[in-house]
>>> print(open('entry-v7.pdb').read())   # PDB, C-alpha atoms
ATOM      1  CA  MET A1197       0.000   0.000   0.000
ATOM      2  CA  ARG A1198       1.306   3.431  -0.954
ATOM      3  CA  LEU A1199      -0.258   6.655   0.269
ATOM      4  CA  LYS A1200      -1.021   9.144  -2.494
ATOM      5  CA  THR A1201       0.097  12.762  -2.563
ATOM      6  CA  LYS A1202      -2.390  15.584  -3.061
ATOM      7  CA  SER A1203      -1.182  15.931  -6.642
ATOM      8  CA  GLU A1204      -1.730  12.236  -7.328
ATOM      9  CA  ILE A1205      -5.213  12.386  -5.829
ATOM     10  CA  GLU A1206      -6.007  15.291  -8.151
ATOM     11  CA  GLN A1207      -4.882  13.162 -11.096
ATOM     12  CA  MET A1208      -7.122  10.325  -9.921
ATOM     13  CA  ALA A1209      -9.985  12.807  -9.669
ATOM     14  CA  VAL A1210      -9.558  13.603 -13.367
ATOM     15  CA  ALA A1211      -9.957   9.893 -14.157
ATOM     16  CA  GLY A1212     -12.880   9.758 -11.737
ATOM     17  CA  SER A1213     -14.700  12.557 -13.516
ATOM     18  CA  VAL A1214     -14.281  10.763 -16.842
ATOM     19  CA  ALA A1215     -15.547   7.503 -15.334
ATOM     20  CA  ALA A1216     -18.579   9.206 -13.801
ATOM     21  CA  LYS A1217     -19.499  10.992 -17.035
ATOM     22  CA  THR A1218     -19.169   7.746 -18.957
ATOM     23  CA  LEU A1219     -21.518   5.922 -16.593
ATOM     24  CA  GLN A1220     -24.047   8.733 -16.880
ATOM     25  CA  LYS A1221     -23.900   8.474 -20.678
ATOM     26  CA  MET A1222     -24.534   4.736 -20.391
ATOM     27  CA  ARG A1223     -27.346   5.246 -17.869
ATOM     28  CA  SER A1224     -29.178   7.644 -20.181
ATOM     29  CA  ALA A1225     -29.013   5.071 -23.003
ATOM     30  CA  VAL A1226     -30.589   2.175 -21.085
ATOM     31  CA  VAL A1227     -33.907   1.240 -22.739
ATOM     32  CA  PRO A1228     -35.696  -2.015 -23.572
ATOM     33  CA  GLY A1229     -34.297  -3.605 -26.723
ATOM     34  CA  MET A1230     -30.747  -2.373 -26.236
ATOM     35  CA  SER A1231     -28.041  -5.012 -25.886
ATOM     36  CA  THR A1232     -25.309  -4.918 -23.271
ATOM     37  CA  MET A1233     -22.820  -4.754 -26.142
ATOM     38  CA  ASP A1234     -24.490  -1.517 -27.258
ATOM     39  CA  LEU A1235     -23.709  -0.102 -23.817
ATOM     40  CA  GLU A1236     -20.126  -1.353 -24.065
ATOM     41  CA  GLU A1237     -19.681   0.505 -27.350
ATOM     42  CA  ILE A1238     -21.088   3.703 -25.833
ATOM     43  CA  ALA A1239     -18.581   3.418 -22.981
ATOM     44  CA  ARG A1240     -15.625   2.873 -25.288
ATOM     45  CA  ALA A1241     -16.541   5.861 -27.423
ATOM     46  CA  GLU A1242     -17.104   8.126 -24.420
ATOM     47  CA  LEU A1243     -13.853   7.151 -22.690
ATOM     48  CA  SER A1244     -11.924   7.715 -25.900
ATOM     49  CA  SER A1245     -13.546  11.108 -26.480
ATOM     50  CA  GLN A1246     -12.361  12.221 -23.031
ATOM     51  CA  GLY A1247      -8.796  11.000 -23.539
ATOM     52  CA  ALA A1248      -9.106   7.992 -21.251
ATOM     53  CA  ARG A1249      -8.188   4.349 -21.606
ATOM     54  CA  PRO A1250     -10.550   1.582 -20.391
ATOM     55  CA  ALA A1251      -8.400  -0.086 -17.736
ATOM     56  CA  LEU A1252     -10.509  -3.261 -17.694
ATOM     57  CA  LEU A1253      -9.784  -3.955 -21.366
ATOM     58  CA  GLY A1254      -6.988  -6.525 -21.360
ATOM     59  CA  TYR A1255      -6.901  -6.667 -17.555
ATOM     60  CA  HIS A1256      -5.508 -10.018 -16.397
ATOM     61  CA  PRO A1257      -5.973 -10.699 -12.671
ATOM     62  CA  ARG A1258      -4.382 -13.700 -11.011
ATOM     63  CA  PHE A1259      -7.667 -15.585 -10.651
ATOM     64  CA  SER A1260      -8.343 -15.666 -14.410
ATOM     65  CA  LYS A1261      -6.706 -17.820 -17.076
ATOM     66  CA  THR A1262      -7.320 -15.187 -19.745
ATOM     67  CA  PRO A1263      -7.388 -11.362 -19.912
ATOM     68  CA  TYR A1264     -10.710  -9.545 -19.790
ATOM     69  CA  GLU A1265     -11.887  -8.572 -23.283
ATOM     70  CA  PHE A1266     -14.161  -5.605 -22.598
ATOM     71  CA  ALA A1267     -14.083  -2.021 -21.321
ATOM     72  CA  THR A1268     -17.000  -2.573 -18.959
ATOM     73  CA  CYS A1269     -18.691  -5.179 -16.837
ATOM     74  CA  ILE A1270     -22.446  -5.185 -17.400
ATOM     75  CA  SER A1271     -24.387  -7.480 -15.082
ATOM     76  CA  VAL A1272     -28.081  -8.241 -15.505
ATOM     77  CA  ASN A1273     -30.574  -9.418 -12.857
ATOM     78  CA  ASP A1274     -28.999 -12.337 -10.920
ATOM     79  CA  GLU A1275     -25.510 -11.376 -12.109
ATOM     80  CA  VAL A1276     -23.957  -9.433  -9.253
ATOM     81  CA  ILE A1277     -20.662  -8.438 -10.884
ATOM     82  CA  HIS A1278     -18.404  -9.155 -13.863
ATOM     83  CA  GLY A1279     -21.076  -9.795 -16.462
ATOM     84  CA  GLN A1280     -19.519  -9.680 -19.926
ATOM     85  CA  PRO A1281     -21.196  -7.481 -22.552
ATOM     86  CA  SER A1282     -22.822  -9.438 -25.372
ATOM     87  CA  PRO A1283     -24.943  -8.596 -28.430
ATOM     88  CA  SER A1284     -27.217 -11.494 -27.458
ATOM     89  CA  THR A1285     -28.023 -10.061 -24.003
ATOM     90  CA  VAL A1286     -30.933  -7.764 -24.817
ATOM     91  CA  LEU A1287     -32.451  -5.646 -22.050
ATOM     92  CA  ARG A1288     -36.117  -6.030 -21.193
ATOM     93  CA  GLU A1289     -38.552  -3.898 -19.239
ATOM     94  CA  GLY A1290     -37.955  -4.422 -15.517
ATOM     95  CA  ASP A1291     -34.398  -5.760 -15.800
ATOM     96  CA  VAL A1292     -31.799  -4.749 -13.211
ATOM     97  CA  VAL A1293     -28.538  -3.675 -14.872
ATOM     98  CA  GLY A1294     -25.212  -3.118 -13.103
ATOM     99  CA  MET A1295     -22.559  -1.151 -15.003
ATOM    100  CA  ASP A1296     -18.950  -1.084 -13.805
ATOM    101  CA  LEU A1297     -15.861   0.490 -15.395
ATOM    102  CA  VAL A1298     -12.370   1.800 -14.648
ATOM    103  CA  ALA A1299     -11.033   4.910 -16.394
ATOM    104  CA  ASP A1300      -7.284   5.380 -16.865
ATOM    105  CA  VAL A1301      -6.022   8.899 -17.561
ATOM    106  CA  ASP A1302      -2.243   9.190 -17.858
ATOM    107  CA  GLY A1303      -1.696   6.139 -15.681
ATOM    108  CA  TRP A1304      -4.046   7.132 -12.852
ATOM    109  CA  LEU A1305      -7.211   5.104 -12.390
ATOM    110  CA  ALA A1306     -10.682   5.472 -10.905
ATOM    111  CA  ASP A1307     -13.245   2.691 -10.523
ATOM    112  CA  THR A1308     -17.009   3.188 -10.264
ATOM    113  CA  ALA A1309     -20.292   1.332 -10.705
ATOM    114  CA  ILE A1310     -24.014   1.973 -10.703
ATOM    115  CA  THR A1311     -27.086  -0.220 -10.964
ATOM    116  CA  VAL A1312     -30.164   0.955 -12.869
ATOM    117  CA  LEU A1313     -33.603  -0.316 -13.801
ATOM    118  CA  VAL A1314     -34.832  -0.782 -17.337
ATOM    119  CA  GLY A1315     -38.039   1.166 -17.164
ATOM    120  CA  LYS A1316     -39.740   1.422 -13.790
ATOM    121  CA  GLY A1317     -38.969  -2.032 -12.441
ATOM    122  CA  SER A1318     -40.631  -3.817  -9.544
ATOM    123  CA  LEU A1319     -41.066  -2.212  -6.135
ATOM    124  CA  LYS A1320     -38.639  -4.759  -4.691
ATOM    125  CA  ALA A1321     -36.017  -3.895  -7.288
ATOM    126  CA  GLN A1322     -36.509  -0.188  -6.688
ATOM    127  CA  ARG A1323     -36.029  -0.694  -2.969
ATOM    128  CA  LEU A1324     -32.963  -2.908  -3.458
ATOM    129  CA  LEU A1325     -31.247  -0.225  -5.530
ATOM    130  CA  SER A1326     -32.198   2.521  -3.093
ATOM    131  CA  VAL A1327     -30.894   0.600  -0.074
ATOM    132  CA  THR A1328     -27.652  -0.418  -1.807
ATOM    133  CA  PHE A1329     -26.898   3.166  -2.831
ATOM    134  CA  GLU A1330     -27.718   4.411   0.660
ATOM    135  CA  ALA A1331     -25.366   1.772   2.095
ATOM    136  CA  LEU A1332     -22.601   3.169  -0.098
ATOM    137  CA  ARG A1333     -23.274   6.652   1.264
ATOM    138  CA  HIS A1334     -23.243   5.387   4.851
ATOM    139  CA  GLY A1335     -19.953   3.583   4.301
ATOM    140  CA  ILE A1336     -18.334   6.667   2.781
ATOM    141  CA  SER A1337     -19.463   8.790   5.744
ATOM    142  CA  LYS A1338     -17.403   6.585   8.072
ATOM    143  CA  ALA A1339     -14.216   6.808   5.998
ATOM    144  CA  VAL A1340     -12.360   9.460   7.998
ATOM    145  CA  PRO A1341      -8.737   9.679   9.151
ATOM    146  CA  GLY A1342      -8.133   7.584  12.264
ATOM    147  CA  ALA A1343     -11.208   5.415  11.766
ATOM    148  CA  ARG A1344     -10.961   1.680  11.153
ATOM    149  CA  MET A1345     -12.045  -0.097   8.002
ATOM    150  CA  GLY A1346     -14.489  -2.028  10.161
ATOM    151  CA  ASP A1347     -16.349   1.241  10.786
ATOM    152  CA  VAL A1348     -16.960   1.514   7.049
ATOM    153  CA  SER A1349     -17.805  -2.172   6.623
ATOM    154  CA  SER A1350     -20.169  -2.267   9.595
ATOM    155  CA  ALA A1351     -22.070   0.813   8.388
ATOM    156  CA  VAL A1352     -22.718  -0.886   5.044
ATOM    157  CA  GLN A1353     -23.755  -4.199   6.596
ATOM    158  CA  LYS A1354     -26.094  -2.749   9.211
ATOM    159  CA  LEU A1355     -28.042  -0.627   6.762
ATOM    160  CA  VAL A1356     -28.424  -3.457   4.246
ATOM    161  CA  GLU A1357     -29.471  -6.124   6.738
ATOM    162  CA  ARG A1358     -31.769  -3.769   8.630
ATOM    163  CA  ASN A1359     -33.705  -3.453   5.381
ATOM    164  CA  GLY A1360     -33.949  -7.218   4.846
ATOM    165  CA  PHE A1361     -31.372  -7.669   2.094
ATOM    166  CA  GLY A1362     -28.241  -9.829   1.892
ATOM    167  CA  VAL A1363     -24.625  -8.606   2.009
ATOM    168  CA  ILE A1364     -22.227 -10.642  -0.122
ATOM    169  CA  ARG A1365     -19.242 -11.650   1.981
ATOM    170  CA  GLU A1366     -16.932 -13.238  -0.595
ATOM    171  CA  LEU A1367     -16.420  -9.974  -2.521
ATOM    172  CA  SER A1368     -15.036  -6.662  -1.313
ATOM    173  CA  GLY A1369     -13.807  -3.249  -2.302
ATOM    174  CA  HIS A1370     -10.091  -2.716  -2.887
ATOM    175  CA  GLY A1371      -7.234  -0.301  -3.224
ATOM    176  CA  VAL A1372      -6.960   1.562  -6.518
ATOM    177  CA  GLY A1373      -4.657   4.198  -7.975
ATOM    178  CA  SER A1374      -1.962   3.237 -10.446
ATOM    179  CA  GLU A1375      -3.454  -0.264 -10.774
ATOM    180  CA  VAL A1376      -7.014  -1.621 -10.925
ATOM    181  CA  HIS A1377      -6.465  -3.549  -7.700
ATOM    182  CA  GLU A1378      -3.713  -2.235  -5.453
ATOM    183  CA  GLU A1379      -2.430  -4.525  -2.720
ATOM    184  CA  GLY A1380      -2.769  -3.697   0.956
ATOM    185  CA  ILE A1381      -6.366  -2.477   1.226
ATOM    186  CA  ASP A1382      -9.518  -4.597   1.338
ATOM    187  CA  VAL A1383     -12.939  -3.064   1.958
ATOM    188  CA  PRO A1384     -15.398  -5.755   3.105
ATOM    189  CA  ASN A1385     -19.112  -4.979   3.231
ATOM    190  CA  PHE A1386     -19.485  -6.564   6.651
ATOM    191  CA  GLY A1387     -17.515  -6.237   9.865
ATOM    192  CA  TYR A1388     -17.239  -4.730  13.308
ATOM    193  CA  PRO A1389     -16.699  -1.108  14.321
ATOM    194  CA  GLY A1390     -13.241  -0.392  15.650
ATOM    195  CA  LYS A1391     -11.653  -3.346  13.852
ATOM    196  CA  GLY A1392      -9.426  -3.624  10.802
ATOM    197  CA  LEU A1393      -7.030  -1.321   9.003
ATOM    198  CA  ARG A1394      -6.650   2.195  10.387
ATOM    199  CA  LEU A1395      -7.464   4.818   7.755
ATOM    200  CA  GLU A1396      -4.750   7.354   6.899
ATOM    201  CA  VAL A1397      -4.667  10.491   4.811
ATOM    202  CA  GLY A1398      -3.565   9.570   1.286
ATOM    203  CA  MET A1399      -5.277   6.180   1.114
ATOM    204  CA  THR A1400      -7.320   5.639  -2.051
ATOM    205  CA  PHE A1401      -9.753   2.767  -2.389
ATOM    206  CA  CYS A1402     -13.147   1.647  -3.657
ATOM    207  CA  ILE A1403     -16.175   1.210  -1.449
ATOM    208  CA  GLU A1404     -18.643  -1.013  -3.274
ATOM    209  CA  PRO A1405     -21.654  -2.627  -1.586
ATOM    210  CA  MET A1406     -22.768  -5.774  -3.422
ATOM    211  CA  VAL A1407     -26.222  -6.756  -2.238
ATOM    212  CA  THR A1408     -28.837  -9.371  -3.070
ATOM    213  CA  ALA A1409     -32.596  -9.352  -2.723
ATOM    214  CA  GLY A1410     -32.466 -12.894  -1.344
ATOM    215  CA  ASN A1411     -29.840 -15.166   0.128
ATOM    216  CA  PRO A1412     -26.334 -13.619  -0.105
ATOM    217  CA  GLY A1413     -24.751 -16.820  -1.442
ATOM    218  CA  ILE A1414     -22.995 -16.501  -4.806
ATOM    219  CA  LYS A1415     -21.321 -18.701  -7.409
ATOM    220  CA  HIS A1416     -19.573 -18.457 -10.760
ATOM    221  CA  ARG A1417     -21.839 -19.146 -13.689
ATOM    222  CA  PRO A1418     -20.880 -22.538 -15.190
ATOM    223  CA  GLY A1419     -18.757 -22.079 -18.296
ATOM    224  CA  ASP A1420     -18.234 -18.368 -17.631
ATOM    225  CA  PRO A1421     -14.872 -17.419 -16.069
ATOM    226  CA  TRP A1422     -16.100 -13.987 -15.010
ATOM    227  CA  ALA A1423     -19.791 -13.613 -14.123
ATOM    228  CA  VAL A1424     -20.687 -13.958 -10.437
ATOM    229  CA  VAL A1425     -24.375 -14.777  -9.886
ATOM    230  CA  THR A1426     -26.629 -15.334  -6.883
ATOM    231  CA  ARG A1427     -27.112 -18.957  -5.881
ATOM    232  CA  ASP A1428     -30.857 -18.577  -5.426
ATOM    233  CA  GLY A1429     -31.450 -16.601  -8.636
ATOM    234  CA  SER A1430     -32.438 -13.422  -6.791
ATOM    235  CA  ILE A1431     -31.540 -10.034  -8.249
ATOM    236  CA  GLY A1432     -28.389  -8.213  -7.178
ATOM    237  CA  ALA A1433     -27.245  -4.602  -6.992
ATOM    238  CA  HIS A1434     -23.800  -2.994  -6.998
ATOM    239  CA  PHE A1435     -22.792   0.621  -6.442
ATOM    240  CA  GLU A1436     -19.197   1.826  -6.204
ATOM    241  CA  HIS A1437     -17.167   4.971  -5.686
ATOM    242  CA  THR A1438     -13.430   5.542  -5.572
ATOM    243  CA  VAL A1439     -12.579   7.653  -2.518
ATOM    244  CA  ALA A1440      -9.467   9.322  -1.133
ATOM    245  CA  ILE A1441      -8.926   9.839   2.581
ATOM    246  CA  THR A1442      -8.213  13.535   3.219
ATOM    247  CA  GLU A1443      -7.761  15.563   6.391
ATOM    248  CA  THR A1444     -11.490  16.326   6.414
ATOM    249  CA  GLY A1445     -12.840  12.888   5.479
ATOM    250  CA  ALA A1446     -13.516  10.883   2.358
ATOM    251  CA  ARG A1447     -13.349  12.714  -0.961
ATOM    252  CA  ILE A1448     -15.409  10.974  -3.629
ATOM    253  CA  LEU A1449     -13.275  10.943  -6.758
ATOM    254  CA  THR A1450     -15.960   9.444  -9.020
ATOM    255  CA  ALA A1451     -18.828  11.773  -8.167
ATOM    256  CA  THR A1452     -20.773  13.487 -10.934
ATOM    257  CA  THR A1453     -20.434  17.267 -10.947
TER     258      THR A1453
END
>>> encode(input="entry-v7.pdb", output="structure tokens")
Amino acid sequence: MRLKTKSEIEQMAVAGSVAAKTLQKMRSAVVPGMSTMDLEEIARAELSSQGARPALLGYHPRFSKTPYEFATCISVNDEVIHGQPSPSTVLREGDVVGMDLVADVDGWLADTAITVLVGKGSLKAQRLLSVTFEALRHGISKAVPGARMGDVSSAVQKLVERNGFGVIRELSGHGVGSEVHEEGIDVPNFGYPGKGLRLEVGMTFCIEPMVTAGNPGIKHRPGDPWAVVTRDGSIGAHFEHTVAITETGARILTATT
């Protein structure tokens, strides 16, 4: 883990602004009949127009035998994360769509995700998205210098479970900066206040609640090296911001302006 300087955080904020604008462009394009590959192409064009590189394209983490082939992860309904865009995955009214990307501007990265509904969606889906986003906000509010990572994790868990949803335990947020996943920082979505890594000024990491409408158990889809789905087929939601710890608290680097 390496603490970032103020200048480096400013550079990450540039990438964060690009990432946020790209997600908003994708969000505005979500309609029934559109394929997830259509959304992928929108993201690539938008990142390129803003002078950014899609850091997920060609990304090769240790757990995978092959590099990732897309600029985005687009996950539909029971897919929680890492859904691969496809022209054959066509969105329908009521679908739940998670969109995740990492923008790279001059070697500095920012990672962000949102989940949206195609059309109005069910009341349960609406509530799931609202609670998951609120959990993200609660977690960020606890990310202050001197706090423990468990303060962040516990805030996410308590809000989600209080509302009757499931917190995925096998997946967590992570450090980010000059790499997609920087070593030394893990951000679980469950935990105990006062436990875990002490937060210091200059830390940069992603807070990303991953929540299910049913049982929190997950699995990899058979034959797919990337997509993580719920075991019980329930819908999932995923929201994510890259934050930097500053003297006054967490600065959201991927916020829309």
>>> residues_around(input="entry-v7.pdb", residues="Glu1206 (chain A)", least_positions_apart="2", cutoff="12 Å", atoms="all atoms listed in the file", output="list in words")
Lys1200, Thr1201, Lys1202, Ser1203, Glu1204, Met1208, Ala1209, Val1210, Ala1211, Gly1212, Ser1213, Val1301, Trp1304, Leu1305, Ala1306, Gly1373, Gly1398, Thr1400, Val1439, Ala1440, Thr1442, Arg1447, Ile1448, Leu1449 and Thr1450 of chain A
>>> resolve_selection(input="entry-v7.pdb", expression="the PyMOL selection byres ((chain A and resi 1315) around 7)", output="count of residues only")
7
>>> closest_residue(input="entry-v7.pdb", among="A:Thr1232, A:Asn1273, A:Ser1245, A:Gln1353", to="Ser1318 (chain A)", atoms="all atoms listed in the file")
A:Asn1273
>>> closest_residue(input="entry-v7.pdb", among="A:Arg1198, A:His1256, A:Arg1223, A:Arg1323", to="Ile1431 (chain A)", atoms="only C-alpha atoms")
A:Arg1323
>>> closest_residue(input="entry-v7.pdb", among="A:Gly1371, A:Pro1281, A:Gly1387, A:Gly1413", to="Val1352 (chain A)", atoms="all atoms listed in the file")
A:Gly1387
>>> residues_around(input="entry-v7.pdb", residues="Ser1430 (chain A)", least_positions_apart="3", cutoff="6 Å", atoms="all atoms listed in the file", output="list in words")
Asp1274, Ala1409 and Gly1410 of chain A
>>> write_last_selection(input="entry-v7.pdb", atoms="C-alpha atoms", output="mmCIF file, in the coordinates of the input")
data_model
loop_
_atom_site.group_PDB
_atom_site.id
_atom_site.type_symbol
_atom_site.label_atom_id
_atom_site.label_comp_id
_atom_site.auth_asym_id
_atom_site.auth_seq_id
_atom_site.Cartn_x
_atom_site.Cartn_y
_atom_site.Cartn_z
ATOM 1 C CA ASP A 1274 -28.999 -12.337 -10.920
ATOM 2 C CA ALA A 1409 -32.596 -9.352 -2.723
ATOM 3 C CA GLY A 1410 -32.466 -12.894 -1.344
#
>>> resolve_selection(input="entry-v7.pdb", expression="the PyMOL selection byres ((chain A and resi 1364) around 6)", output="list in words")
Val1363, Arg1365, Glu1366, Met1406, Val1407 and Pro1412 of chain A
>>> closest_residue(input="entry-v7.pdb", among="A:Ala1216, A:His1377, A:Leu1324, A:Val1340", to="Arg1258 (chain A)", atoms="only C-alpha atoms")
A:His1377
>>> atom_distance(input="entry-v7.pdb", atom1="CA of Phe1259 (chain A)", atom2="CA of Pro1421 (chain A)")
9.2 Å
>>> residues_around(input="entry-v7.pdb", residues="Leu1243 (chain A)", least_positions_apart="3", cutoff="8 Å", atoms="only C-alpha atoms", output="list of chain:residue names")
A:Val1214, A:Ala1215, A:Thr1218, A:Ala1239, A:Arg1240, A:Gln1246, A:Gly1247, A:Ala1248, A:Arg1249, A:Pro1250, A:Ala1299
>>> residues_around(input="entry-v7.pdb", residues="Pro1341 (chain A)", least_positions_apart="3", cutoff="9 Å", atoms="only C-alpha atoms", output="ChimeraX atom specification")
/A:1344,1394-1397,1441-1446
>>> atom_distance(input="entry-v7.pdb", atom1="CA of Leu1235 (chain A)", atom2="CA of Gln1322 (chain A)")
21.4 Å
>>> closest_residue(input="entry-v7.pdb", among="A:Trp1422, A:Phe1329, A:Phe1435, A:Phe1401", to="Pro1257 (chain A)", atoms="all atoms listed in the file")
A:Trp1422
>>> atom_distance(input="entry-v7.pdb", atom1="CA of Asp1234 (chain A)", atom2="CA of Ser1282 (chain A)")
8.3 Å
>>> resolve_selection(input="entry-v7.pdb", expression="the PyMOL selection byres ((chain A and resi 1269) around 8)", output="list in words")
Phe1266, Ala1267, Thr1268, Ile1270, Ser1271, Ile1277, His1278, Gly1279, Gln1280, Pro1281, Gly1294, Met1295, Asp1296 and Leu1297 of chain A
>>> decode(input="entry-v7.pdb", residues="region 1210-1238 of chain A", atoms="N, CA and C atoms", output="short mmCIF file (atom, residue, chain, number, x, y, z; two decimals), in the first residue's frame")
data_model
loop_
_atom_site.label_atom_id
_atom_site.label_comp_id
_atom_site.auth_asym_id
_atom_site.auth_seq_id
_atom_site.Cartn_x
_atom_site.Cartn_y
_atom_site.Cartn_z
N VAL A 1210 -9.31 13.39 -11.93
CA VAL A 1210 -9.56 13.60 -13.37
C VAL A 1210 -10.11 12.32 -13.98
N ALA A 1211 -9.46 11.18 -13.67
CA ALA A 1211 -9.96 9.89 -14.16
C ALA A 1211 -11.35 9.60 -13.60
N GLY A 1212 -11.57 9.98 -12.35
CA GLY A 1212 -12.88 9.76 -11.74
C GLY A 1212 -13.99 10.53 -12.41
N SER A 1213 -13.71 11.75 -12.81
CA SER A 1213 -14.70 12.56 -13.52
C SER A 1213 -15.05 11.93 -14.86
N VAL A 1214 -14.04 11.44 -15.56
CA VAL A 1214 -14.28 10.76 -16.84
C VAL A 1214 -15.13 9.52 -16.63
N ALA A 1215 -14.79 8.72 -15.61
CA ALA A 1215 -15.55 7.50 -15.33
C ALA A 1215 -17.00 7.81 -15.02
N ALA A 1216 -17.22 8.84 -14.19
CA ALA A 1216 -18.58 9.21 -13.80
C ALA A 1216 -19.39 9.68 -15.00
N LYS A 1217 -18.79 10.50 -15.85
CA LYS A 1217 -19.50 10.99 -17.03
C LYS A 1217 -19.83 9.85 -17.99
N THR A 1218 -18.92 8.89 -18.08
CA THR A 1218 -19.17 7.75 -18.96
C THR A 1218 -20.33 6.92 -18.45
N LEU A 1219 -20.39 6.67 -17.15
CA LEU A 1219 -21.52 5.92 -16.59
C LEU A 1219 -22.83 6.66 -16.81
N GLN A 1220 -22.82 7.97 -16.67
CA GLN A 1220 -24.05 8.73 -16.88
C GLN A 1220 -24.51 8.64 -18.33
N LYS A 1221 -23.56 8.63 -19.26
CA LYS A 1221 -23.90 8.47 -20.68
C LYS A 1221 -24.53 7.10 -20.92
N MET A 1222 -23.97 6.08 -20.27
CA MET A 1222 -24.53 4.74 -20.39
C MET A 1222 -25.92 4.67 -19.76
N ARG A 1223 -26.06 5.26 -18.56
CA ARG A 1223 -27.35 5.25 -17.87
C ARG A 1223 -28.45 5.84 -18.74
N SER A 1224 -28.16 6.95 -19.39
CA SER A 1224 -29.18 7.64 -20.18
C SER A 1224 -29.56 6.85 -21.42
N ALA A 1225 -28.74 5.86 -21.80
CA ALA A 1225 -29.01 5.07 -23.00
C ALA A 1225 -29.77 3.78 -22.71
N VAL A 1226 -29.96 3.45 -21.43
CA VAL A 1226 -30.59 2.18 -21.08
C VAL A 1226 -32.09 2.21 -21.40
N VAL A 1227 -32.49 1.38 -22.37
CA VAL A 1227 -33.91 1.24 -22.74
C VAL A 1227 -34.15 -0.21 -23.15
N PRO A 1228 -35.40 -0.67 -23.08
CA PRO A 1228 -35.70 -2.01 -23.57
C PRO A 1228 -35.28 -2.17 -25.03
N GLY A 1229 -34.72 -3.33 -25.36
CA GLY A 1229 -34.30 -3.60 -26.72
C GLY A 1229 -32.83 -3.34 -26.99
N MET A 1230 -32.18 -2.62 -26.08
CA MET A 1230 -30.75 -2.37 -26.24
C MET A 1230 -29.96 -3.57 -25.71
N SER A 1231 -28.88 -3.92 -26.38
CA SER A 1231 -28.04 -5.01 -25.89
C SER A 1231 -26.96 -4.47 -24.96
N THR A 1232 -26.40 -5.35 -24.14
CA THR A 1232 -25.31 -4.92 -23.27
C THR A 1232 -24.06 -4.57 -24.09
N MET A 1233 -23.93 -5.14 -25.28
CA MET A 1233 -22.82 -4.75 -26.14
C MET A 1233 -23.00 -3.33 -26.66
N ASP A 1234 -24.24 -2.91 -26.88
CA ASP A 1234 -24.49 -1.52 -27.26
C ASP A 1234 -23.96 -0.57 -26.19
N LEU A 1235 -24.19 -0.93 -24.92
CA LEU A 1235 -23.71 -0.10 -23.82
C LEU A 1235 -22.18 -0.11 -23.75
N GLU A 1236 -21.59 -1.25 -24.01
CA GLU A 1236 -20.13 -1.35 -24.06
C GLU A 1236 -19.56 -0.40 -25.12
N GLU A 1237 -20.18 -0.35 -26.28
CA GLU A 1237 -19.68 0.51 -27.35
C GLU A 1237 -19.83 1.98 -26.99
N ILE A 1238 -20.91 2.32 -26.30
CA ILE A 1238 -21.09 3.70 -25.83
C ILE A 1238 -19.97 4.07 -24.87
#
